[in-house]
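Reviewing the structure listed below.
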Amino acid sequence: MSSAPARMITLKSSDEQTFVIEETVALQSETLEHMIADNTENLVIPLPSITGNILAKVIEYCTKHAEVETSDEDKTLWDAQFMNAEDRSNPQLLREVVKAADFLSIKGLLELTCKIFGGMINGKTPEQIHLIFHPRDQWTPEEVEEDAEYRRQNPWAFR
């Protein structure tokens, strides 16, 4: 007795990359679950707020968590290794994964990435946290001037 082939779902990123995934992987997302619930045809779901590189990360996470033969303990161990050191030190990438996990309602991924953010900012001053998430080399000239003005007006905050 053979089982029916898995239903495939196509996701299309903001930069026009397409990802064909099994329905079980898509069902890791509450948002996608609602989108595909009443649709019996092959489905292409545009995700205009998620780029291909971020969607690939999200799909990697969902694929692992869709594996029924993998224990919860093994998934937890896998989660600890999921975002490599380079990913963990890239606040912009993390921010985009958080936004994607939030938009797609993937609770486990959202919790995981928020824990990573928490580790990045633990024990840091507000200024250090600001620089992690908005490095000065990415500031506009207006932001540089606003920062200088703020420092002149509030020297006590930077002692």
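Quick note on naming: the chains in the structure tokens go A, B, ... in the order shown, residues restart at 1 in each chain, and ligands are numbered from 1 in order of appearance.
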query = Which polymer residues have any atom within 12 Å of an atom of Lys115 of chain A, counting only C-alpha atoms, with same-chain residues fewer than 3 positions away left out, as a ChimeraX atom specification?
reply = /A:79-80,83,88,94,98,108-112,118-122
query = Could you state the separation of atom CA of Ile116 of chain A and atom CA of Val97 of chain A in Å, given to one decimal place?
reply = 11.3 Å
inquiry  = Excluding Ala157 of chain A and its own-chain neighbours fewer than 5 positions away, which residues fall within 10 Å of it when counting only C-alpha atoms? Please give them as a ChimeraX atom specification.
reply    = /A:126-127,150-151
task = Could you please write out, as a list of chain:residue names, every residue of segment 11-94 of chain A that DSSP assigns to strand (DSSP E or B)?
result = A:Leu11, A:Lys12, A:Ser13, A:Thr18, A:Phe19, A:Val20, A:Ile21, A:Glu22, A:Leu43, A:Val44, A:Ile45, A:Pro46, A:Leu47
request  = May I have the residues within 10 Å of Leu32 of chain A as a ChimeraX atom specification, using only C-alpha atoms and disregarding those fewer than 3 positions away in the same chain?
outcome  = /A:9,11,23,25-29,35-37,45,103-106
message = From a backbone DSSP assignment, name each residue in segment 34-122 of chain A labelled alpha helix (DSSP H), as a ChimeraX atom specification.
response = /A:34-36,52-66,72-82,85-88,91-103,107-121
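Minimum atom-to-atom distance to Thr31 of chain A, evaluated using only C-alpha atoms, belongs to A:Ala101 out of A:Ala56, A:Met8, A:Ala101, A:Ala66.
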